[in-house]
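**Q** Below is the structure I would like to discuss, written out as structure tokens.
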Amino acid sequence: MSFFAPIITAFPTLMQATLTTILSSIAGIILAMVFAIPAGLGRLSRNTVIRSVSSFYVETIRGTPLLLQLVVWYYGARILLLALFNFNVDVAYFNFLTALDANTLYPAEGSVSGIFFAVFGLSFNYGAYLAEVIRAGILAVEGGQTEAALSLGLSRWQTMRLIVLPQALRIMVPPLTNNFITLIQDTAFFEVLGVYELSLQTYTYVQVVSSVAIRWQYFAFELIIYFILCYGLALIARRFERRNGQSPTHRSLWTAWMPFRTSRLVQH
């Protein structure tokens, strides 16, 4: 039992770091979709300016390394905000907690700027990749569906919301899942910004021990946690795909058209 004493002693701290990884991943996935949806739709826009801006964002982000982007966000954007607008994330967060009378929630290490810019940078990066997934999913929907919806009297927004996107979502589930899994794994890059997520916390323990066997205990724990998170997400996505992959395509158009047609008849 004494052989596993180091990992048992470190378990609470490692689980706290795991929680940081989980929360960062959830926030990153949500924020990445916030960037991805307008960028993906913008790539399909007929407006040249919108299409050009969206394409510039997607191609620039996809053409540069994630690690470099995180460093630029933390050491570039953070200093720029401080110099131009005197905006400090740590001070703003502390004042926010003060207004809520919740100063005890402020982290013990006294800094939140690292995790803030880490999550923002990771989301901004993955937003570009997810934008291409969204664009490809929309283009994969048969064009006749759009033409039929327009001929039935639906507007372009209604066609996109009621006809195209529900069908495109089923197509996008596998690539979205792959990107979300990779996003979880890439939270390990947060360690370069000093964020004590699972990877950095594990490496901190590894540095202070000389036994190879004990080091591998820490690494094995890290691998197991990442596997549980990623495989769990894959199972959820697989279940969602099975539940939503049975509906015939033509029923999406008919289901969307009937309430619209009924409301039009009632109005007239």
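Within each chain, counting starts at residue 1; across the structure tokens, chains are named A, B, ... in the order shown, with ligands numbered 1 upward in that order.
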So which residues of stretch 75-238 of chain A fall under alpha helix (DSSP H) by DSSP, listed as a count of residues only?

**A** 118

**Q** Near A:Ile184, within 8 Å and counting only C-alpha atoms, which residues show up once chain neighbours fewer than 5 positions away are dropped, as a list in words?

**A** Thr21, Ile22, Ser25, Tyr226, Leu229 and Cys230 of chain A

**Q** Closest to A:Ala17 among A:Val72, A:Ile134, A:Ile50, A:Leu198, using only C-alpha atoms?

**A**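 Among the listed residues, A:Leu198 lies closest to A:Ala17.
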
**Q** Looking at A:Leu81, A:Val133, A:Met160, A:Leu122, which one is nearest to A:Arg43, with distances taken over only C-alpha atoms?

**A**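 When distances to A:Arg43 are compared using only C-alpha atoms, the smallest one comes from A:Val133.
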
**Q** May I ask for the distance between atom CA of A:Tyr218 and atom CA of A:Ile7, given in Å to one decimal place?

**A** 6.6 Å

**Q** Please compute the atom CA of A:Leu150-atom CA of A:Gly137 distance, one decimal, in Å.

**A**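 According to the coordinates, atom CA of A:Leu150 and atom CA of A:Gly137 are separated by 19.6 Å.
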
**Q** Pick out the closest residue to A:Thr187 from this set: A:Gln217, A:Thr146, A:Ser123, A:Gln16. Count only C-alpha atoms.

**A**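 Once distances to A:Thr187 are computed over only C-alpha atoms, the minimum belongs to A:Ser123.
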
**Q** Check the smallest atom-to-atom distance from each of A:Leu31, A:Ala5, A:Ile26, A:Ala131 to A:Met172 using only C-alpha atoms, then report the winner.

**A**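 Looking only at the distances to A:Met172, the closest residue turns out to be A:Ala131.
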
**Q** Work out how far atom CA of A:Ala148 is from atom CA of A:Arg242, in Å to one decimal.

**A**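 Computing it gives 27.0 Å between the two atoms.
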
**Q** Can you work out which one of A:Ile236, A:Val53, A:Val195, A:Ala118 has the shortest atom-to-atom distance to A:Val71, counting only C-alpha atoms?

**A**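 Nearest candidate to A:Val71 out of A:Ile236, A:Val53, A:Val195, A:Ala118: A:Ala118.
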
**Q** For each of A:Leu183, A:Val58, A:Leu223, A:Leu169, take the minimum atom-to-atom distance to A:Ala237, counting only C-alpha atoms, then give the residue where this is smallest.

**A** A:Leu169
